[in-house]
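> If it helps, the file is called run-v6.cif and holds mmCIF, C-alpha atoms:
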data_final
#
loop_
_atom_site.label_atom_id
_atom_site.label_comp_id
_atom_site.auth_asym_id
_atom_site.auth_seq_id
_atom_site.Cartn_x
_atom_site.Cartn_y
_atom_site.Cartn_z
CA MET Q 5 -40.73 -18.22 -12.91
CA HIS Q 6 -41.69 -15.88 -10.09
CA GLN Q 7 -40.71 -18.53 -7.52
CA ILE Q 8 -37.25 -18.96 -9.10
CA GLN Q 9 -36.75 -15.19 -8.97
CA GLN Q 10 -37.66 -15.17 -5.27
CA ILE Q 11 -35.20 -18.00 -4.54
CA LEU Q 12 -32.40 -16.15 -6.35
CA ASP Q 13 -33.20 -12.90 -4.54
CA THR Q 14 -33.13 -14.69 -1.18
CA TYR Q 15 -29.82 -16.40 -2.06
CA PHE Q 16 -28.07 -13.18 -3.09
CA ARG Q 17 -29.39 -11.33 -0.01
CA ARG Q 18 -27.80 -13.99 2.22
CA MET Q 19 -24.43 -13.75 0.46
CA PRO Q 20 -21.95 -11.69 2.48
CA SER Q 21 -20.59 -8.55 0.88
CA ILE Q 22 -17.00 -8.84 -0.36
CA ARG Q 23 -14.68 -5.95 0.48
CA TRP Q 24 -11.27 -5.23 -1.05
CA THR Q 25 -9.66 -6.14 2.29
CA ASP Q 26 -11.16 -9.64 1.99
CA LEU Q 27 -9.50 -10.09 -1.40
CA ALA Q 28 -6.21 -8.82 0.05
CA GLU Q 29 -6.47 -11.35 2.88
CA ILE Q 30 -7.04 -14.18 0.39
CA VAL Q 31 -3.94 -13.18 -1.59
CA ILE Q 32 -1.77 -12.85 1.53
CA ILE Q 33 -2.93 -16.18 2.99
CA SER Q 34 -2.40 -17.93 -0.36
CA PHE Q 35 1.10 -16.45 -0.60
CA LEU Q 36 1.97 -17.59 2.95
CA VAL Q 37 0.55 -21.08 2.51
CA TYR Q 38 2.43 -21.54 -0.77
CA HIS Q 39 5.78 -20.51 0.72
CA ILE Q 40 5.19 -22.62 3.85
CA LEU Q 41 4.57 -25.66 1.65
CA VAL Q 42 7.71 -24.92 -0.41
CA TRP Q 43 9.72 -24.60 2.82
CA VAL Q 44 8.27 -27.85 4.20
CA LYS Q 45 9.05 -29.66 0.93
CA ASN Q 46 12.75 -28.74 1.18
CA THR Q 47 13.23 -29.77 4.83
CA LYS Q 48 12.84 -32.91 6.90
CA ALA Q 49 9.47 -31.47 7.93
CA TRP Q 50 8.15 -33.06 4.71
CA SER Q 51 8.58 -36.57 6.16
CA LEU Q 52 7.02 -35.37 9.41
CA LEU Q 53 4.07 -33.90 7.50
CA LYS Q 54 3.44 -37.24 5.79
CA GLY Q 55 3.40 -38.89 9.22
CA VAL Q 56 0.89 -36.30 10.46
CA VAL Q 57 -1.34 -37.02 7.45
CA VAL Q 58 -1.30 -40.76 8.27
CA ILE Q 59 -2.33 -40.00 11.89
CA ALA Q 60 -5.06 -37.65 10.64
CA VAL Q 61 -6.49 -40.45 8.46
CA PHE Q 62 -6.67 -42.74 11.49
CA LEU Q 63 -8.40 -40.00 13.49
CA VAL Q 64 -11.00 -39.53 10.72
CA ILE Q 65 -11.68 -43.27 10.80
CA ALA Q 66 -12.00 -43.07 14.61
CA VAL Q 67 -14.54 -40.25 14.29
CA ILE Q 68 -16.57 -42.15 11.68
CA PHE Q 69 -16.78 -45.31 13.82
CA ASN Q 70 -17.05 -43.33 17.09
CA MET Q 71 -13.96 -44.86 18.73
CA THR Q 72 -14.19 -42.81 21.93
CA THR Q 73 -11.01 -44.09 23.57
CA ILE Q 74 -8.79 -43.19 20.60
CA LEU Q 75 -10.45 -39.76 20.32
CA TRP Q 76 -9.94 -39.13 24.06
CA ILE Q 77 -6.22 -40.03 23.79
CA ALA Q 78 -5.81 -37.83 20.70
CA GLN Q 79 -7.52 -34.89 22.40
CA ASN Q 80 -5.21 -35.06 25.43
CA VAL Q 81 -2.03 -35.62 23.41
CA MET Q 82 -2.66 -32.83 20.88
CA GLY Q 83 -1.20 -30.02 23.02
CA ILE Q 84 1.95 -31.98 23.85
CA ALA Q 85 2.35 -33.01 20.18
CA ALA Q 86 2.43 -29.38 19.05
CA THR Q 87 5.28 -28.62 21.48
CA VAL Q 88 7.18 -31.74 20.40
CA ILE Q 89 6.90 -30.76 16.72
CA ILE Q 90 8.28 -27.27 17.45
CA VAL Q 91 11.24 -28.77 19.34
CA ILE Q 92 11.97 -31.28 16.55
CA LEU Q 93 11.82 -28.62 13.83
CA GLN Q 94 13.69 -25.95 15.81
CA PRO Q 95 16.72 -25.81 13.43
CA GLU Q 96 14.46 -25.61 10.34
CA LEU Q 97 12.22 -22.96 11.90
CA ARG Q 98 15.25 -20.87 12.88
CA LYS Q 99 16.68 -21.14 9.37
CA ALA Q 100 13.33 -20.14 7.84
CA LEU Q 101 13.13 -17.03 10.05
CA GLU Q 102 16.73 -16.13 9.20
CA GLU Q 103 15.95 -16.41 5.48
CA LEU Q 104 12.87 -14.21 5.96
CA GLY Q 105 14.98 -11.58 7.73
CA ARG Q 106 17.59 -11.88 4.99
CA LYS Q 107 15.11 -10.89 2.27
CA ASN Q 108 15.43 -7.16 3.05
CA ILE Q 109 11.91 -6.51 1.77
CA ILE Q 110 11.80 -2.94 3.13
CA ALA Q 111 15.26 -2.15 1.78
CA SER Q 112 14.27 -3.36 -1.69
CA ILE Q 113 11.24 -1.02 -1.66
CA PHE Q 114 13.07 1.94 -0.09
CA PRO Q 115 16.75 1.81 -1.12
CA PHE Q 116 18.20 3.97 1.67
CA ASP Q 117 21.79 2.88 0.99
CA SER Q 118 21.81 3.59 -2.73
CA GLY Q 119 25.25 5.23 -2.65
CA LYS Q 120 26.90 1.98 -1.60
CA MET Q 121 25.13 0.03 -4.36
CA GLU Q 122 26.48 2.40 -7.05
CA VAL Q 123 30.04 1.18 -6.47
CA GLY Q 124 29.19 -2.29 -5.16
CA PHE Q 125 30.13 -3.87 -1.85
CA PHE Q 126 33.81 -3.97 -2.90
CA SER Q 127 35.95 -2.86 -5.81
CA ASP Q 128 37.18 -4.72 -8.88
CA ARG Q 129 40.67 -4.44 -7.44
CA THR Q 130 39.56 -6.47 -4.40
CA ILE Q 131 38.13 -9.15 -6.71
CA ASN Q 132 41.43 -9.31 -8.62
CA GLU Q 133 43.50 -9.52 -5.43
CA ILE Q 134 41.34 -12.28 -3.94
CA THR Q 135 41.44 -14.25 -7.18
CA LYS Q 136 45.19 -13.85 -7.55
CA ALA Q 137 45.78 -15.01 -3.97
CA CYS Q 138 43.54 -18.08 -4.36
CA VAL Q 139 45.14 -19.12 -7.66
CA GLU Q 140 48.65 -18.73 -6.20
CA MET Q 141 47.72 -20.68 -3.05
CA GLY Q 142 46.13 -23.38 -5.18
CA LYS Q 143 49.34 -23.87 -7.15
CA VAL Q 144 51.34 -24.66 -3.99
CA LYS Q 145 48.40 -26.40 -2.21
CA THR Q 146 48.06 -23.91 0.62
CA GLY Q 147 44.70 -24.35 2.33
CA ALA Q 148 42.55 -21.23 2.67
CA LEU Q 149 39.09 -20.26 3.92
CA ILE Q 150 37.91 -16.76 2.97
CA VAL Q 151 34.43 -15.46 3.91
CA ILE Q 152 33.11 -12.40 2.08
CA GLU Q 153 30.37 -10.45 3.83
CA HIS Q 154 27.28 -9.54 1.82
CA HIS Q 155 24.14 -7.92 3.31
CA GLN Q 156 24.12 -9.82 6.60
CA SER Q 157 26.68 -8.82 9.24
CA LEU Q 158 29.38 -11.33 10.22
CA ALA Q 159 30.31 -9.52 13.45
CA GLU Q 160 29.26 -12.57 15.48
CA TYR Q 161 31.94 -14.66 13.75
CA GLU Q 162 34.55 -11.89 13.70
CA ARG Q 163 34.57 -11.92 17.51
CA THR Q 164 35.88 -15.50 17.46
CA GLY Q 165 39.04 -14.44 15.62
CA ILE Q 166 41.84 -11.88 15.71
CA ASP Q 167 41.37 -8.32 14.40
CA ILE Q 168 43.34 -7.48 11.25
CA ASP Q 169 41.69 -4.44 9.62
CA GLY Q 170 43.92 -4.31 6.57
CA ILE Q 171 43.30 -3.52 2.90
CA VAL Q 172 42.70 -6.66 0.85
CA SER Q 173 45.79 -7.69 -1.10
CA SER Q 174 47.03 -10.99 -2.48
CA GLN Q 175 50.24 -10.71 -0.41
CA LEU Q 176 48.30 -10.26 2.83
CA LEU Q 177 46.01 -13.23 2.16
CA ILE Q 178 48.91 -15.49 1.13
CA ASN Q 179 50.90 -14.54 4.24
CA ILE Q 180 47.90 -15.19 6.54
CA PHE Q 181 47.39 -18.73 5.22
CA GLU Q 182 51.08 -19.63 4.95
CA HIS Q 183 51.87 -22.91 6.73
CA ASN Q 184 53.10 -22.72 10.33
CA THR Q 185 52.09 -19.07 10.81
CA PRO Q 186 50.00 -17.92 13.82
CA LEU Q 187 47.00 -16.87 11.68
CA HIS Q 188 46.78 -19.69 9.12
CA ASP Q 189 44.26 -21.79 11.08
CA GLY Q 190 40.60 -20.76 10.74
CA ALA Q 191 38.80 -18.39 8.40
CA VAL Q 192 39.48 -14.88 7.15
CA ILE Q 193 36.52 -12.48 6.98
CA ILE Q 194 36.41 -9.70 4.38
CA ARG Q 195 34.06 -6.73 4.60
CA GLY Q 196 34.14 -4.36 1.67
CA ASN Q 197 37.74 -3.78 0.66
CA ARG Q 198 39.26 -4.74 4.01
CA VAL Q 199 40.28 -7.91 5.79
CA THR Q 200 38.60 -7.52 9.19
CA SER Q 201 39.55 -10.72 11.07
CA ALA Q 202 41.52 -13.95 10.81
CA THR Q 203 41.47 -17.34 12.61
CA CYS Q 204 37.67 -17.12 12.87
CA TYR Q 205 35.55 -20.14 13.80
CA LEU Q 206 32.65 -21.05 11.49
CA PRO Q 207 29.66 -23.37 11.98
CA LEU Q 208 29.98 -26.76 10.28
CA SER Q 209 27.28 -27.86 7.87
CA ASP Q 210 25.29 -30.99 8.74
CA ASN Q 211 24.17 -31.44 5.12
CA MET Q 212 24.30 -35.19 4.50
CA ALA Q 213 24.37 -34.63 0.73
CA LEU Q 214 27.94 -33.28 0.86
CA SER Q 215 30.62 -35.65 -0.38
CA LYS Q 216 32.30 -37.73 2.33
CA GLU Q 217 35.70 -36.79 0.93
CA LEU Q 218 35.22 -33.15 1.92
CA GLY Q 219 37.05 -32.06 5.05
CA THR Q 220 36.33 -29.59 7.84
CA ARG Q 221 37.34 -26.57 5.75
CA HIS Q 222 34.70 -27.28 3.08
CA ARG Q 223 32.00 -28.11 5.63
CA ALA Q 224 32.72 -24.86 7.46
CA GLY Q 225 32.45 -22.94 4.18
CA VAL Q 226 29.07 -24.49 3.40
CA GLY Q 227 27.97 -24.04 7.03
CA ILE Q 228 28.51 -20.27 7.06
CA SER Q 229 26.77 -19.97 3.67
CA GLU Q 230 23.73 -21.74 5.16
CA ALA Q 231 23.66 -19.50 8.22
CA THR Q 232 24.28 -16.18 6.39
CA ASP Q 233 24.14 -14.70 2.89
CA SER Q 234 27.95 -14.52 2.66
CA MET Q 235 30.11 -16.14 -0.02
CA THR Q 236 33.00 -18.38 1.06
CA ILE Q 237 36.06 -19.33 -0.98
CA ILE Q 238 37.83 -22.57 -0.08
CA VAL Q 239 41.25 -23.60 -1.36
CA SER Q 240 41.90 -27.29 -0.77
CA GLU Q 241 45.14 -28.17 1.01
CA GLU Q 242 45.08 -31.68 -0.50
CA THR Q 243 44.31 -30.89 -4.16
CA GLY Q 244 44.83 -27.12 -4.49
CA LYS Q 245 41.40 -26.79 -6.15
CA ILE Q 246 39.26 -23.70 -5.58
CA SER Q 247 35.65 -24.05 -4.39
CA VAL Q 248 32.93 -21.51 -3.61
CA ALA Q 249 30.10 -21.95 -1.10
CA TYR Q 250 27.06 -19.70 -1.54
CA GLU Q 251 23.45 -20.09 -0.36
CA GLY Q 252 24.24 -23.54 1.00
CA LYS Q 253 25.58 -24.85 -2.32
CA LEU Q 254 29.18 -25.79 -3.11
CA ASP Q 255 30.77 -25.26 -6.55
CA ARG Q 256 34.08 -27.08 -6.87
CA SER Q 257 37.15 -27.01 -9.12
CA LEU Q 258 36.77 -23.39 -10.28
CA SER Q 259 39.26 -21.57 -12.46
CA GLY Q 260 40.41 -18.01 -11.76
CA ASP Q 261 37.93 -16.54 -14.26
CA GLU Q 262 35.06 -18.60 -12.83
CA LEU Q 263 35.96 -17.39 -9.34
CA LYS Q 264 35.79 -13.77 -10.55
CA GLU Q 265 32.30 -14.41 -11.96
CA LYS Q 266 31.18 -15.76 -8.60
CA LEU Q 267 32.59 -12.73 -6.76
CA HIS Q 268 30.70 -10.38 -9.08
CA ILE Q 269 27.46 -11.92 -7.76
CA VAL Q 270 28.02 -10.53 -4.24
CA GLN Q 271 29.73 -7.36 -5.49
CA ASN Q 272 26.28 -5.96 -6.38
CA LYS Q 273 27.36 -3.52 -9.05
CA PRO Q 274 24.63 -2.01 -11.23
CA VAL Q 275 23.91 -3.88 -14.46
CA GLU Q 276 24.91 -0.86 -16.53
CA GLU Q 277 28.35 -0.80 -14.93
CA LYS Q 278 28.86 -4.50 -15.66
CA LYS Q 279 27.85 -3.99 -19.30
CA ARG Q 280 30.36 -1.13 -19.69
CA LYS Q 281 33.07 -3.31 -18.20
CA ILE Q 282 32.28 -6.20 -20.58
CA GLY Q 283 32.26 -3.80 -23.53
CA LYS Q 284 35.69 -2.42 -22.59
CA GLY Q 285 37.02 -5.95 -22.29
CA ARG Q 286 35.79 -6.84 -25.78
CA GLU Q 287 37.31 -3.70 -27.26
CA LYS Q 288 40.65 -4.52 -25.63
CA ASN Q 289 40.59 -8.08 -26.99
CA ALA Q 290 39.73 -6.78 -30.48
CA LYS Q 291 42.70 -4.38 -30.44
CA GLU Q 292 45.03 -7.15 -29.30
CA THR Q 293 43.77 -9.39 -32.15
CA ASP Q 294 44.38 -6.65 -34.72
#
Would you mind writing the file's structure down as structure tokens?


Amino acid sequence: MHQIQQILDTYFRRMPSIRWTDLAEIVIISFLVYHILVWVKNTKAWSLLKGVVVIAVFLVIAVIFNMTTILWIAQNVMGIAATVIIVILQPELRKALEELGRKNIIASIFPFDSGKMEVGFFSDRTINEITKACVEMGKVKTGALIVIEHHQSLAEYERTGIDIDGIVSSQLLINIFEHNTPLHDGAVIIRGNRVTSATCYLPLSDNMALSKELGTRHRAGVGISEATDSMTIIVSEETGKISVAYEGKLDRSLSGDELKEKLHIVQNKPVEEKKRKIGKGREKNAKETD
């Protein structure tokens, strides 16, 4: 019994002391590894990772059987392989860093711009005017591409177009996209309650999952939603249907009411304000029924 006690005492004396910083490091590393694996799973890096695993298995076999030539080649190629992987995954790595910068972690902890959030990024009137314009353009099959800025600035894309700086109205939007007018080609960018630029060029999406029947206008809408946190409204010139691109996803064939619901997502009004608005709407409908 005494010998067992001595063994246990020796074992516990050799154990390193655990500090609270060590636990914090474990949590942070676990968090990072988890999100890296989630990111890899949703990109073409997943196929590359499976290839790396296959190579690693062969290297383990080479180590077990002491295949010196294969190990020498692997040792000399390893540095070049790391550079090649970075080059191959450059678009995915850039997108991952952009998404990390888009999180606004500090802003969520310290809401410096709380005054803006009380009224939202734009007013209900702007939502109504945008919806009215899109529905009217859809009826006569006038193509339109409208980008609505959210947290991330679209100044880079505004510089490719022509300055407008006008208050958002259905008449202005319809006139911009009217056929055979100087401003109808390209995208309109809206910041807050103002149309800032027209005829802007947008990046095209290379998402292979998009339907082949979609044209340049839809691919540009999805492309800008992949590159930024903006929301893009597309009115098809062929069918007159309204679509919305947000966070790299495309929702098609929306009605006017469904479009308004989408716009409320990037309006960022407080939940209490939305509840009051819904309550007023129900009271109005009840009075009309009576």

> Measuring atom to atom with only C-alpha atoms, identify which of Q:His188, Q:His183, Q:Lys216, Q:His222 is nearest to Gly165 (chain Q).

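Going through Q:His188, Q:His183, Q:Lys216, Q:His222 one by one, the smallest distance to Gly165 (chain Q) is for Q:His188.
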
> How would you write as a list of chain:residue names the residues that get within 6 Å of (39.6, -18.9, 5.8) in the file's frame, counting all atoms listed in the file?

Q:Ala148, Q:Leu149, Q:Ile150, Q:Gly190, Q:Ala191, Q:Val192

> Can you work out which one of Q:Ser34, Q:Ser174, Q:Thr236, Q:Ser157 has the shortest atom-to-atom distance to Cys138 (chain Q), counting all atoms listed in the file?

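Of all the options, Q:Ser174 lies closest to Cys138 (chain Q).
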
> Output the residue selection produced by the PyMOL selection byres ((chain Q and resi 178) around 10) on the file above, formatted as a list in words.

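That expression, the PyMOL selection byres ((chain Q and resi 178) around 10), corresponds here to Ile134, Lys136, Ala137, Cys138, Glu140, Met141, Thr146, Gly147, Ala148, Ser173, Ser174, Gln175, Leu176, Leu177, Asn179, Ile180, Phe181, Glu182, His183 and His188 of chain Q.
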
> Given the file shown, enumerate the residues that the PyMOL selection byres ((chain Q and resi 256) around 10) captures and present them as a ChimeraX atom specification.

/Q:222,237-240,245-249,253-255,257-259

> Can you tell me how far CA of Arg163 (chain Q) sits from CA of Ser201 (chain Q), in Å to one decimal?

8.2 Å

> Given the file above and the PyMOL selection byres ((chain Q and resi 226-229) around 6), which residues are selected, and can you give them as an NGL selection string?

:Q and (207-209 or 223-225 or 230-234 or 249-252)

> Determine the nearest neighbour of Ile269 (chain Q) from the options Q:Met71, Q:Ile92, Q:Met82, Q:Met235, counting all atoms listed in the file.

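Nearest candidate to Ile269 (chain Q) out of Q:Met71, Q:Ile92, Q:Met82, Q:Met235: Q:Met235.
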
> Could you check how far CA of Gly170 (chain Q) sits from CA of Thr220 (chain Q), in Å to one decimal?

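Atom-to-atom, CA of Gly170 (chain Q) and CA of Thr220 (chain Q) are spaced 26.4 Å apart.
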
> What does the distance from CA of Thr203 (chain Q) to CA of Leu101 (chain Q) come to in Å, to one decimal?

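Taking CA of Thr203 (chain Q) and CA of Leu101 (chain Q), their separation equals 28.5 Å.
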